[in-house]
$ cat input-v3.cif   # mmCIF, C-alpha atoms
data_data
loop_
_atom_site.label_atom_id
_atom_site.label_comp_id
_atom_site.auth_asym_id
_atom_site.auth_seq_id
_atom_site.Cartn_x
_atom_site.Cartn_y
_atom_site.Cartn_z
CA MET A 1 62.06 48.05 9.07
CA ASN A 2 63.63 51.37 10.08
CA GLU A 3 64.07 54.49 7.96
CA ARG A 4 67.64 53.61 6.97
CA GLU A 5 66.67 50.14 5.73
CA LEU A 6 63.73 51.62 3.81
CA ASP A 7 65.99 54.16 2.09
CA ARG A 8 68.56 51.47 1.30
CA LEU A 9 65.96 49.24 -0.31
CA ILE A 10 64.69 52.03 -2.54
CA ARG A 11 68.23 53.06 -3.51
CA GLU A 12 69.22 49.48 -4.34
CA LYS A 13 66.26 49.05 -6.64
CA GLU A 14 66.40 52.51 -8.17
CA GLY A 15 68.63 51.51 -11.05
CA ILE A 16 66.62 48.40 -11.95
CA LEU A 17 63.19 49.98 -11.62
CA SER A 18 63.92 53.53 -12.72
CA LEU A 19 61.40 53.07 -15.56
CA ALA A 20 59.38 50.06 -14.42
CA PHE A 21 58.59 51.18 -10.89
CA PRO A 22 56.67 54.37 -11.81
CA ALA A 23 54.80 52.44 -14.51
CA LEU A 24 53.74 49.76 -12.02
CA MET A 25 52.57 52.39 -9.51
CA ARG A 26 50.54 54.04 -12.26
CA LYS A 27 48.97 50.67 -13.02
CA VAL A 28 47.84 50.43 -9.39
CA TYR A 29 45.91 53.70 -9.61
CA ILE A 30 44.64 53.08 -13.14
CA TRP A 31 43.14 49.74 -12.14
CA MET A 32 41.71 51.25 -8.97
CA THR A 33 40.12 54.13 -10.91
CA LEU A 34 38.63 51.78 -13.51
CA ALA A 35 37.22 49.58 -10.73
CA LEU A 36 35.63 52.60 -9.06
CA ALA A 37 34.12 53.65 -12.41
CA ILE A 38 32.66 50.17 -12.95
CA THR A 39 31.22 50.18 -9.43
CA GLY A 40 29.70 53.63 -9.82
CA ILE A 41 28.17 52.93 -13.24
CA THR A 42 26.76 49.60 -12.07
CA ALA A 43 25.33 51.10 -8.87
CA TYR A 44 23.65 53.96 -10.73
CA GLY A 45 22.34 51.66 -13.44
CA VAL A 46 20.78 49.29 -10.92
CA ALA A 47 19.33 52.16 -8.85
CA THR A 48 17.58 53.58 -11.92
CA SER A 49 16.16 50.19 -12.93
CA THR A 50 12.85 49.84 -11.08
CA ASN A 51 12.41 46.21 -12.08
CA PHE A 52 15.84 45.19 -10.86
CA ILE A 53 15.46 47.03 -7.55
CA TYR A 54 12.05 45.42 -7.05
CA THR A 55 13.53 41.98 -7.76
CA LEU A 56 16.31 42.50 -5.21
CA ALA A 57 13.83 43.80 -2.62
CA GLU A 58 11.52 40.83 -3.11
CA ASN A 59 14.31 38.26 -3.02
CA SER A 60 16.62 39.01 -0.12
CA TRP A 61 18.55 35.80 -0.79
CA MET A 62 19.89 37.39 -3.98
CA MET A 63 21.60 40.16 -2.01
CA TRP A 64 23.12 37.62 0.38
CA ALA A 65 24.34 35.60 -2.61
CA ILE A 66 25.96 38.72 -4.07
CA VAL A 67 27.70 39.54 -0.76
CA LEU A 68 28.99 35.96 -0.44
CA ALA A 69 30.21 36.06 -4.05
CA GLU A 70 32.08 39.30 -3.29
CA LEU A 71 33.76 37.77 -0.25
CA ALA A 72 34.71 34.69 -2.26
CA LEU A 73 36.28 36.83 -5.00
CA VAL A 74 38.30 38.84 -2.46
CA PHE A 75 39.59 35.64 -0.82
CA VAL A 76 40.50 34.12 -4.19
CA LEU A 77 42.30 37.24 -5.37
CA SER A 78 44.10 37.78 -2.07
CA GLY A 79 45.03 34.16 -1.39
CA ARG A 80 45.50 32.56 -4.80
CA ILE A 81 46.53 35.36 -7.14
CA GLN A 82 49.95 33.78 -7.70
CA LYS A 83 48.24 30.68 -9.12
CA LEU A 84 46.00 32.70 -11.42
CA SER A 85 46.93 34.18 -14.77
CA LEU A 86 47.00 37.97 -14.94
CA THR A 87 44.03 37.91 -17.30
CA THR A 88 41.96 35.76 -14.96
CA ALA A 89 42.87 37.89 -11.94
CA THR A 90 41.93 41.06 -13.84
CA LEU A 91 38.57 39.59 -14.88
CA LEU A 92 37.85 38.57 -11.29
CA PHE A 93 38.67 42.10 -10.13
CA ILE A 94 36.26 43.51 -12.73
CA ALA A 95 33.57 41.04 -11.62
CA PHE A 96 34.09 42.06 -7.99
CA SER A 97 33.79 45.74 -8.90
CA ALA A 98 30.51 45.10 -10.71
CA LEU A 99 29.08 43.01 -7.86
CA ASN A 100 30.05 45.71 -5.40
CA GLY A 101 28.11 48.14 -7.56
CA LEU A 102 25.01 45.99 -7.04
CA THR A 103 25.35 46.15 -3.27
CA LEU A 104 26.05 49.90 -3.31
CA SER A 105 23.08 50.73 -5.55
CA SER A 106 20.97 51.42 -2.47
CA ILE A 107 22.90 54.62 -1.70
CA PHE A 108 21.22 56.27 -4.70
CA LEU A 109 17.86 55.46 -3.11
CA LEU A 110 18.83 56.60 0.39
CA TYR A 111 20.86 59.75 -0.30
CA SER A 112 20.48 62.73 -2.63
CA MET A 113 22.69 62.95 -5.72
CA THR A 114 24.13 66.23 -4.47
CA SER A 115 25.07 64.60 -1.18
CA ILE A 116 26.67 61.60 -2.90
CA ALA A 117 28.69 63.85 -5.22
CA LYS A 118 29.83 66.04 -2.31
CA VAL A 119 30.99 63.09 -0.22
CA PHE A 120 32.68 61.50 -3.24
CA PHE A 121 34.83 64.60 -3.76
CA ILE A 122 35.61 64.78 -0.03
CA THR A 123 36.61 61.12 -0.10
CA SER A 124 38.76 61.65 -3.19
CA GLY A 125 40.61 64.55 -1.57
CA THR A 126 41.15 62.72 1.70
CA PHE A 127 42.29 59.58 -0.10
CA ALA A 128 44.73 61.51 -2.29
CA VAL A 129 46.31 63.24 0.71
CA MET A 130 46.76 60.03 2.69
CA ALA A 131 48.07 58.13 -0.34
CA PHE A 132 50.64 60.90 -0.84
CA VAL A 133 51.62 60.67 2.82
CA GLY A 134 52.02 56.91 2.59
CA TYR A 135 54.07 57.16 -0.59
CA THR A 136 56.44 59.92 0.52
CA THR A 137 56.92 59.32 4.26
CA LYS A 138 60.26 57.96 5.45
CA ARG A 139 58.63 56.53 8.56
CA ASP A 140 57.87 52.82 8.70
CA LEU A 141 54.07 52.49 9.04
CA SER A 142 53.96 48.73 9.61
CA SER A 143 53.38 49.04 13.37
CA MET A 144 50.54 51.48 12.74
CA GLY A 145 49.18 49.09 10.13
CA ARG A 146 48.98 46.22 12.61
CA ILE A 147 47.06 48.41 15.07
CA LEU A 148 44.69 49.55 12.33
CA PHE A 149 44.10 45.96 11.22
CA MET A 150 43.10 44.99 14.76
CA ALA A 151 40.87 48.07 14.91
CA LEU A 152 39.28 46.98 11.63
CA ILE A 153 38.45 43.57 13.08
CA GLY A 154 36.90 45.24 16.11
CA LEU A 155 34.95 47.57 13.82
CA ILE A 156 33.54 44.62 11.87
CA ILE A 157 32.50 42.80 15.06
CA ALA A 158 30.90 45.94 16.51
CA SER A 159 29.03 46.54 13.24
CA LEU A 160 27.66 43.00 13.30
CA VAL A 161 26.52 43.47 16.90
CA ASN A 162 24.82 46.75 15.97
CA MET A 163 22.84 44.94 13.27
CA PHE A 164 20.86 43.47 16.17
CA LEU A 165 20.99 46.50 18.48
CA LYS A 166 19.94 48.91 15.69
CA SER A 167 21.35 51.87 17.63
CA SER A 168 21.66 54.99 15.47
CA GLY A 169 23.97 56.64 18.01
CA PHE A 170 26.31 53.66 18.10
CA ASP A 171 26.21 53.51 14.30
CA LEU A 172 27.38 57.13 14.12
CA ILE A 173 30.26 56.38 16.50
CA LEU A 174 31.25 53.39 14.37
CA SER A 175 31.17 55.60 11.29
CA TYR A 176 33.67 58.05 12.82
CA VAL A 177 35.88 55.13 13.87
CA GLY A 178 35.60 53.69 10.35
CA VAL A 179 36.77 56.97 8.82
CA LEU A 180 39.83 57.05 11.09
CA VAL A 181 40.65 53.40 10.37
CA PHE A 182 40.46 53.69 6.59
CA VAL A 183 42.26 57.04 6.50
CA GLY A 184 45.16 55.31 8.23
CA LEU A 185 44.90 52.15 6.13
CA THR A 186 45.15 54.22 2.95
CA ALA A 187 48.57 55.52 4.00
CA TRP A 188 49.73 52.11 5.23
CA ASP A 189 48.57 50.22 2.14
CA THR A 190 50.21 52.78 -0.13
CA GLN A 191 53.56 52.35 1.60
CA LYS A 192 53.17 48.57 1.61
CA ILE A 193 52.42 48.52 -2.13
CA LYS A 194 55.41 50.76 -2.81
CA LEU A 195 57.75 48.41 -0.94
CA MET A 196 56.31 45.30 -2.60
CA LEU A 197 56.79 46.77 -6.08
CA ALA A 198 60.27 48.00 -5.14
CA ARG A 199 61.27 44.37 -4.57
CA CYS A 200 60.20 43.32 -8.07
CA GLU A 201 63.15 42.67 -10.36
CA ALA A 202 61.27 43.43 -13.59
CA PRO A 203 57.83 44.54 -14.75
CA ASP A 204 56.79 40.96 -15.51
CA GLU A 205 53.45 39.22 -14.90
CA GLU A 206 54.20 38.65 -11.23
CA ALA A 207 54.89 42.35 -10.73
CA HIS A 208 51.63 43.22 -12.46
CA LYS A 209 49.78 40.80 -10.17
CA ILE A 210 51.23 42.61 -7.18
CA ALA A 211 50.07 45.90 -8.68
CA LEU A 212 46.60 44.45 -9.25
CA LEU A 213 46.42 43.21 -5.67
CA GLY A 214 47.54 46.64 -4.50
CA SER A 215 44.80 48.30 -6.51
CA LEU A 216 42.27 46.00 -4.85
CA SER A 217 43.49 47.07 -1.40
CA LEU A 218 43.29 50.77 -2.24
CA TYR A 219 39.91 50.28 -3.93
CA LEU A 220 38.53 48.74 -0.74
CA ASP A 221 40.04 51.57 1.33
CA PHE A 222 38.38 54.17 -0.90
CA ILE A 223 34.97 52.46 -0.97
CA ASN A 224 34.84 51.98 2.80
CA LEU A 225 36.04 55.52 3.49
CA PHE A 226 33.33 56.80 1.13
CA ILE A 227 30.60 54.75 2.83
CA TYR A 228 31.53 55.88 6.34
CA LEU A 229 31.80 59.52 5.30
CA LEU A 230 28.43 59.25 3.55
CA ARG A 231 26.85 57.97 6.77
CA ILE A 232 28.21 61.01 8.60
CA LEU A 233 27.81 63.76 5.99
CA GLY A 234 25.14 62.42 3.65
CA ASN A 235 21.69 63.97 3.40
CA ARG A 236 18.94 61.40 3.02
CA ASP A 237 16.19 61.87 0.46
#

$ encode --input "input-v3.cif" --output "C-alpha coordinates"
Amino acid sequence: MNERELDRLIREKEGILSLAFPALMRKVYIWMTLALAITGITAYGVATSTNFIYTLAENSWMMWAIVLAELALVFVLSGRIQKLSLTTATLLFIAFSALNGLTLSSIFLLYSMTSIAKVFFITSGTFAVMAFVGYTTKRDLSSMGRILFMALIGLIIASLVNMFLKSSGFDLILSYVGVLVFVGLTAWDTQKIKLMLARCEAPDEEAHKIALLGSLSLYLDFINLFIYLLRILGNRD
(Lines of atoms letter the chains of each structure in order from A and count residues from 1; the text may use other names and numbers.)
(Lines give C-alpha, C1' and ligand atoms only; values in the text may rest on other atoms or scores of the structure.)
Protein backbone atom coordinates (compact mmCIF):
# COMPACT_ATOMS: atom_id res chain seq x y z
CA MET A 1 0.00 0.00 0.00
CA ASN A 2 1.47 3.35 -1.06
CA GLU A 3 0.95 6.75 0.56
CA ARG A 4 -1.87 7.73 -1.81
CA GLU A 5 -3.85 4.55 -1.11
CA LEU A 6 -3.33 5.02 2.64
CA ASP A 7 -4.63 8.59 2.48
CA ARG A 8 -7.59 7.51 0.35
CA LEU A 9 -8.57 4.81 2.81
CA ILE A 10 -8.51 7.21 5.75
CA ARG A 11 -10.48 9.84 3.82
CA GLU A 12 -13.12 7.32 2.74
CA LYS A 13 -13.69 6.20 6.29
CA GLU A 14 -13.46 9.62 7.87
CA GLY A 15 -17.16 10.35 7.64
CA ILE A 16 -18.24 6.97 9.02
CA LEU A 17 -15.71 6.81 11.83
CA SER A 18 -15.39 10.48 12.72
CA LEU A 19 -16.60 9.63 16.25
CA ALA A 20 -16.05 5.87 16.45
CA PHE A 21 -12.47 5.73 15.22
CA PRO A 22 -10.93 7.91 17.97
CA ALA A 23 -12.97 6.03 20.59
CA LEU A 24 -11.68 2.66 19.32
CA MET A 25 -8.08 3.90 19.33
CA ARG A 26 -8.54 5.10 22.91
CA LYS A 27 -9.83 1.64 23.81
CA VAL A 28 -6.60 0.14 22.47
CA TYR A 29 -4.47 2.22 24.84
CA ILE A 30 -6.87 1.93 27.77
CA TRP A 31 -6.82 -1.86 27.58
CA MET A 32 -3.06 -1.86 27.16
CA THR A 33 -2.58 0.42 30.18
CA LEU A 34 -4.89 -1.69 32.35
CA ALA A 35 -3.03 -4.84 31.30
CA LEU A 36 0.30 -3.25 32.21
CA ALA A 37 -1.14 -2.23 35.60
CA ILE A 38 -2.35 -5.78 36.27
CA THR A 39 1.05 -7.18 35.29
CA GLY A 40 2.93 -4.72 37.48
CA ILE A 41 0.71 -5.22 40.53
CA THR A 42 0.85 -9.00 40.18
CA ALA A 43 4.63 -9.01 39.72
CA TYR A 44 5.20 -6.82 42.76
CA GLY A 45 2.74 -8.78 44.87
CA VAL A 46 4.41 -12.09 44.05
CA ALA A 47 7.91 -10.66 44.59
CA THR A 48 6.96 -9.48 48.08
CA SER A 49 5.40 -12.82 49.01
CA THR A 50 8.23 -14.96 50.39
CA ASN A 51 6.12 -18.10 50.51
CA PHE A 52 5.02 -17.80 46.90
CA ILE A 53 8.54 -17.10 45.65
CA TYR A 54 9.83 -20.08 47.63
CA THR A 55 7.13 -22.30 46.12
CA LEU A 56 8.02 -21.22 42.58
CA ALA A 57 11.74 -21.72 43.26
CA GLU A 58 11.17 -25.21 44.66
CA ASN A 59 8.84 -26.29 41.88
CA SER A 60 10.32 -25.29 38.54
CA TRP A 61 7.53 -27.13 36.72
CA MET A 62 5.12 -24.44 37.94
CA MET A 63 7.01 -21.73 36.06
CA TRP A 64 7.07 -23.84 32.90
CA ALA A 65 3.33 -24.42 33.28
CA ILE A 66 2.77 -20.66 33.59
CA VAL A 67 4.86 -19.95 30.48
CA LEU A 68 2.97 -22.59 28.48
CA ALA A 69 -0.34 -21.18 29.70
CA GLU A 70 0.75 -17.71 28.53
CA LEU A 71 1.66 -19.02 25.08
CA ALA A 72 -1.65 -20.86 24.85
CA LEU A 73 -3.59 -17.70 25.74
CA VAL A 74 -1.72 -15.65 23.13
CA PHE A 75 -2.41 -18.26 20.43
CA VAL A 76 -6.10 -18.45 21.39
CA LEU A 77 -6.53 -14.68 21.40
CA SER A 78 -4.59 -14.18 18.18
CA GLY A 79 -6.04 -17.10 16.23
CA ARG A 80 -9.58 -17.54 17.53
CA ILE A 81 -10.68 -14.12 18.75
CA GLN A 82 -13.39 -13.92 16.08
CA LYS A 83 -15.01 -17.05 17.55
CA LEU A 84 -14.88 -15.72 21.11
CA SER A 85 -17.27 -13.27 22.70
CA LEU A 86 -15.82 -9.89 23.60
CA THR A 87 -16.28 -10.68 27.29
CA THR A 88 -14.41 -13.98 27.01
CA ALA A 89 -11.60 -12.39 25.00
CA THR A 90 -11.27 -9.60 27.57
CA LEU A 91 -11.13 -12.09 30.46
CA LEU A 92 -8.45 -14.10 28.64
CA PHE A 93 -6.43 -10.91 28.13
CA ILE A 94 -6.71 -10.13 31.84
CA ALA A 95 -5.65 -13.68 32.70
CA PHE A 96 -2.65 -13.39 30.39
CA SER A 97 -1.65 -10.09 31.99
CA ALA A 98 -1.78 -11.64 35.45
CA LEU A 99 0.20 -14.73 34.39
CA ASN A 100 2.81 -12.50 32.79
CA GLY A 101 3.08 -10.71 36.13
CA LEU A 102 4.01 -14.04 37.73
CA THR A 103 6.84 -14.60 35.27
CA LEU A 104 8.08 -11.00 35.60
CA SER A 105 8.10 -11.04 39.41
CA SER A 106 11.76 -12.04 39.37
CA ILE A 107 12.82 -8.58 38.15
CA PHE A 108 11.99 -7.18 41.60
CA LEU A 109 14.45 -9.68 43.07
CA LEU A 110 17.19 -9.06 40.51
CA TYR A 111 17.05 -5.27 40.05
CA SER A 112 16.69 -2.31 42.40
CA MET A 113 13.36 -0.48 42.57
CA THR A 114 15.05 2.74 41.46
CA SER A 115 16.47 0.97 38.41
CA ILE A 116 13.10 -0.59 37.52
CA ALA A 117 11.33 2.76 37.84
CA LYS A 118 13.97 4.52 35.73
CA VAL A 119 13.79 1.97 32.93
CA PHE A 120 9.98 1.97 33.05
CA PHE A 121 9.89 5.72 32.40
CA ILE A 122 12.49 5.38 29.62
CA THR A 123 10.41 2.62 28.06
CA SER A 124 7.24 4.70 28.35
CA GLY A 125 8.86 7.66 26.62
CA THR A 126 10.36 5.55 23.85
CA PHE A 127 7.09 3.70 23.32
CA ALA A 128 5.08 6.92 23.18
CA VAL A 129 7.39 8.44 20.56
CA MET A 130 7.35 5.38 18.32
CA ALA A 131 3.58 4.95 18.68
CA PHE A 132 3.17 8.59 17.61
CA VAL A 133 5.44 7.99 14.63
CA GLY A 134 3.47 4.92 13.60
CA TYR A 135 0.16 6.73 13.96
CA THR A 136 1.09 9.90 12.09
CA THR A 137 3.49 8.74 9.38
CA LYS A 138 2.28 8.71 5.78
CA ARG A 139 4.83 6.08 4.88
CA ASP A 140 3.71 2.46 4.54
CA LEU A 141 5.61 0.48 7.20
CA SER A 142 4.50 -2.99 6.09
CA SER A 143 7.82 -3.81 4.39
CA MET A 144 9.70 -2.75 7.51
CA GLY A 145 7.30 -4.84 9.57
CA ARG A 146 8.09 -7.99 7.60
CA ILE A 147 11.82 -7.44 8.13
CA LEU A 148 11.30 -6.84 11.84
CA PHE A 149 9.19 -9.99 12.14
CA MET A 150 11.98 -12.07 10.59
CA ALA A 151 14.46 -10.35 12.92
CA LEU A 152 12.20 -11.25 15.85
CA ILE A 153 12.25 -14.92 14.87
CA GLY A 154 16.03 -14.80 14.65
CA LEU A 155 16.18 -13.08 18.04
CA ILE A 156 14.07 -15.83 19.62
CA ILE A 157 16.24 -18.58 18.12
CA ALA A 158 19.45 -16.84 19.21
CA SER A 159 18.06 -16.38 22.72
CA LEU A 160 17.23 -20.09 22.94
CA VAL A 161 20.76 -20.97 21.81
CA ASN A 162 22.23 -18.62 24.41
CA MET A 163 20.30 -20.44 27.13
CA PHE A 164 22.84 -23.23 26.61
CA LEU A 165 25.86 -21.03 25.82
CA LYS A 166 25.22 -18.74 28.83
CA SER A 167 27.32 -15.98 27.26
CA SER A 168 26.83 -12.64 29.01
CA GLY A 169 28.43 -10.77 26.09
CA PHE A 170 26.13 -12.41 23.56
CA ASP A 171 23.17 -11.73 25.85
CA LEU A 172 24.03 -8.01 25.87
CA ILE A 173 24.20 -7.98 22.06
CA LEU A 174 20.81 -9.69 21.88
CA SER A 175 19.41 -7.09 24.27
CA TYR A 176 20.47 -4.23 21.98
CA VAL A 177 19.00 -6.08 18.99
CA GLY A 178 15.80 -6.67 20.97
CA VAL A 179 15.46 -2.95 21.72
CA LEU A 180 15.82 -2.08 18.02
CA VAL A 181 13.32 -4.77 16.99
CA PHE A 182 10.61 -3.74 19.45
CA VAL A 183 11.12 -0.02 18.86
CA GLY A 184 10.37 -0.68 15.20
CA LEU A 185 7.52 -3.09 15.94
CA THR A 186 5.82 -0.46 18.10
CA ALA A 187 5.59 1.91 15.12
CA TRP A 188 4.54 -0.86 12.72
CA ASP A 189 1.89 -2.32 15.03
CA THR A 190 0.45 1.14 15.69
CA GLN A 191 0.04 1.81 11.97
CA LYS A 192 -1.39 -1.67 11.41
CA ILE A 193 -3.95 -1.21 14.20
CA LYS A 194 -4.92 2.19 12.80
CA LEU A 195 -5.57 0.71 9.35
CA MET A 196 -7.51 -2.25 10.75
CA LEU A 197 -9.80 0.02 12.77
CA ALA A 198 -10.17 2.37 9.80
CA ARG A 199 -11.75 -0.50 7.87
CA CYS A 200 -14.40 -1.10 10.54
CA GLU A 201 -17.84 0.11 9.46
CA ALA A 202 -19.13 0.69 13.00
CA PRO A 203 -17.94 0.46 16.61
CA ASP A 204 -19.57 -2.95 17.05
CA GLU A 205 -18.28 -6.04 18.87
CA GLU A 206 -16.03 -7.05 15.99
CA ALA A 207 -14.39 -3.62 15.99
CA HIS A 208 -13.83 -3.87 19.74
CA LYS A 209 -12.23 -7.29 19.26
CA ILE A 210 -9.81 -5.75 16.78
CA ALA A 211 -9.04 -3.03 19.31
CA LEU A 212 -8.46 -5.66 22.01
CA LEU A 213 -6.14 -7.62 19.74
CA GLY A 214 -4.30 -4.40 18.95
CA SER A 215 -3.86 -3.67 22.64
CA LEU A 216 -2.37 -7.14 23.09
CA SER A 217 0.18 -6.45 20.35
CA LEU A 218 1.21 -3.11 21.84
CA TYR A 219 1.27 -4.60 25.34
CA LEU A 220 3.73 -7.26 24.16
CA ASP A 221 5.83 -4.60 22.41
CA PHE A 222 5.99 -2.54 25.61
CA ILE A 223 6.81 -5.48 27.89
CA ASN A 224 9.58 -6.80 25.65
CA LEU A 225 11.06 -3.34 25.12
CA PHE A 226 11.05 -2.85 28.89
CA ILE A 227 12.77 -6.19 29.53
CA TYR A 228 15.53 -5.59 26.99
CA LEU A 229 16.16 -2.05 28.23
CA LEU A 230 16.26 -3.34 31.80
CA ARG A 231 18.95 -5.85 30.83
CA ILE A 232 21.03 -3.02 29.37
CA LEU A 233 20.37 -0.20 31.85
CA GLY A 234 19.24 -1.99 35.00
CA ASN A 235 21.32 -2.06 38.17
CA ARG A 236 21.22 -5.39 39.94
CA ASP A 237 20.72 -5.58 43.69

$ atom_distance --input "input-v3.cif" --atom1 "atom CA of A:Ile81" --atom2 "atom CA of A:Leu141"
24.7 Å

$ resolve_selection --input "input-v3.cif" --expression "the PyMOL selection byres ((chain A and resi 26) around 12)" --output "PDB file with C-alpha atoms, keeping the file's coordinate frame"
ATOM      1  CA  LEU A  19      61.400  53.070 -15.560  1.00  0.00           C
ATOM      2  CA  ALA A  20      59.380  50.060 -14.420  1.00  0.00           C
ATOM      3  CA  PHE A  21      58.590  51.180 -10.890  1.00  0.00           C
ATOM      4  CA  PRO A  22      56.670  54.370 -11.810  1.00  0.00           C
ATOM      5  CA  ALA A  23      54.800  52.440 -14.510  1.00  0.00           C
ATOM      6  CA  LEU A  24      53.740  49.760 -12.020  1.00  0.00           C
ATOM      7  CA  MET A  25      52.570  52.390  -9.510  1.00  0.00           C
ATOM      8  CA  LYS A  27      48.970  50.670 -13.020  1.00  0.00           C
ATOM      9  CA  VAL A  28      47.840  50.430  -9.390  1.00  0.00           C
ATOM     10  CA  TYR A  29      45.910  53.700  -9.610  1.00  0.00           C
ATOM     11  CA  ILE A  30      44.640  53.080 -13.140  1.00  0.00           C
ATOM     12  CA  TRP A  31      43.140  49.740 -12.140  1.00  0.00           C
ATOM     13  CA  MET A  32      41.710  51.250  -8.970  1.00  0.00           C
ATOM     14  CA  THR A  33      40.120  54.130 -10.910  1.00  0.00           C
ATOM     15  CA  ILE A 193      52.420  48.520  -2.130  1.00  0.00           C
ATOM     16  CA  LYS A 194      55.410  50.760  -2.810  1.00  0.00           C
ATOM     17  CA  LEU A 197      56.790  46.770  -6.080  1.00  0.00           C
ATOM     18  CA  HIS A 208      51.630  43.220 -12.460  1.00  0.00           C
ATOM     19  CA  ALA A 211      50.070  45.900  -8.680  1.00  0.00           C
ATOM     20  CA  LEU A 212      46.600  44.450  -9.250  1.00  0.00           C
ATOM     21  CA  GLY A 214      47.540  46.640  -4.500  1.00  0.00           C
ATOM     22  CA  SER A 215      44.800  48.300  -6.510  1.00  0.00           C
TER      23      SER A 215
END

$ resolve_selection --input "input-v3.cif" --expression "the PyMOL selection byres ((chain A and resi 88-97) around 8)" --output "JSON, numbers by chain"
{"A": [35, 36, 38, 39, 70, 73, 74, 77, 81, 84, 85, 86, 87, 98, 99, 100, 101, 209, 212, 216]}

$ closest_residue --input "input-v3.cif" --among "A:Thr42, A:Asn235, A:Gln191, A:Thr186" --to "A:Ser105" --atoms "all atoms listed in the file"
A:Thr42

$ atom_distance --input "input-v3.cif" --atom1 "atom CA of A:Thr190" --atom2 "atom CA of A:Ile223"
15.3 Å

$ closest_residue --input "input-v3.cif" --among "A:Leu185, A:Met113, A:Ile53, A:Leu104" --to "A:Phe127" --atoms "only C-alpha atoms"
A:Leu185

$ closest_residue --input "input-v3.cif" --among "A:Tyr135, A:Tyr219, A:Tyr111, A:Phe226" --to "A:Ala198" --atoms "all atoms listed in the file"
A:Tyr135

$ closest_residue --input "input-v3.cif" --among "A:Thr114, A:Leu34, A:Leu213, A:Val177" --to "A:Arg80" --atoms "all atoms listed in the file"
A:Leu213

$ closest_residue --input "input-v3.cif" --among "A:Gly79, A:Gly169, A:Gly184, A:Gly178" --to "A:Val129" --atoms "only C-alpha atoms"
A:Gly184

$ atom_distance --input "input-v3.cif" --atom1 "atom CA of A:Thr136" --atom2 "atom CA of A:Arg199"
17.1 Å

$ resolve_selection --input "input-v3.cif" --expression "the PyMOL selection byres ((chain A and resi 123) around 8)" --output "ChimeraX atom specification"
/A:119-122,124-127,222,225-226,229

$ residues_around --input "input-v3.cif" --residues "stretch 230-233 of chain A" --least-positions-apart "4" --cutoff "8 Å" --atoms "only C-alpha atoms" --output "list in words"
Ser115, Ile116, Val119, Leu172, Ser175, Tyr176 and Phe226 of chain A

$ write_last_selection --input "input-v3.cif" --atoms "C-alpha atoms" --output "CSV table (one decimal), in the coordinates of the input"
chain,number,residue,atom,x,y,z
A,115,SER,CA,25.1,64.6,-1.2
A,116,ILE,CA,26.7,61.6,-2.9
A,119,VAL,CA,31.0,63.1,-0.2
A,172,LEU,CA,27.4,57.1,14.1
A,175,SER,CA,31.2,55.6,11.3
A,176,TYR,CA,33.7,58.0,12.8
A,226,PHE,CA,33.3,56.8,1.1

$ closest_residue --input "input-v3.cif" --among "A:Ser112, A:Gln82, A:Thr55, A:Thr103" --to "A:Val67" --atoms "all atoms listed in the file"
A:Thr103

$ axis_aligned_box --input "input-v3.cif" --around "stretch 52-67 of chain A" --padding-each-side "5 Å" --output "lines of an AutoDock Vina configuration file"
center_x = 19.6
center_y = 41.3
center_z = -5.2
size_x = 26.2
size_y = 21.4
size_z = 21.2
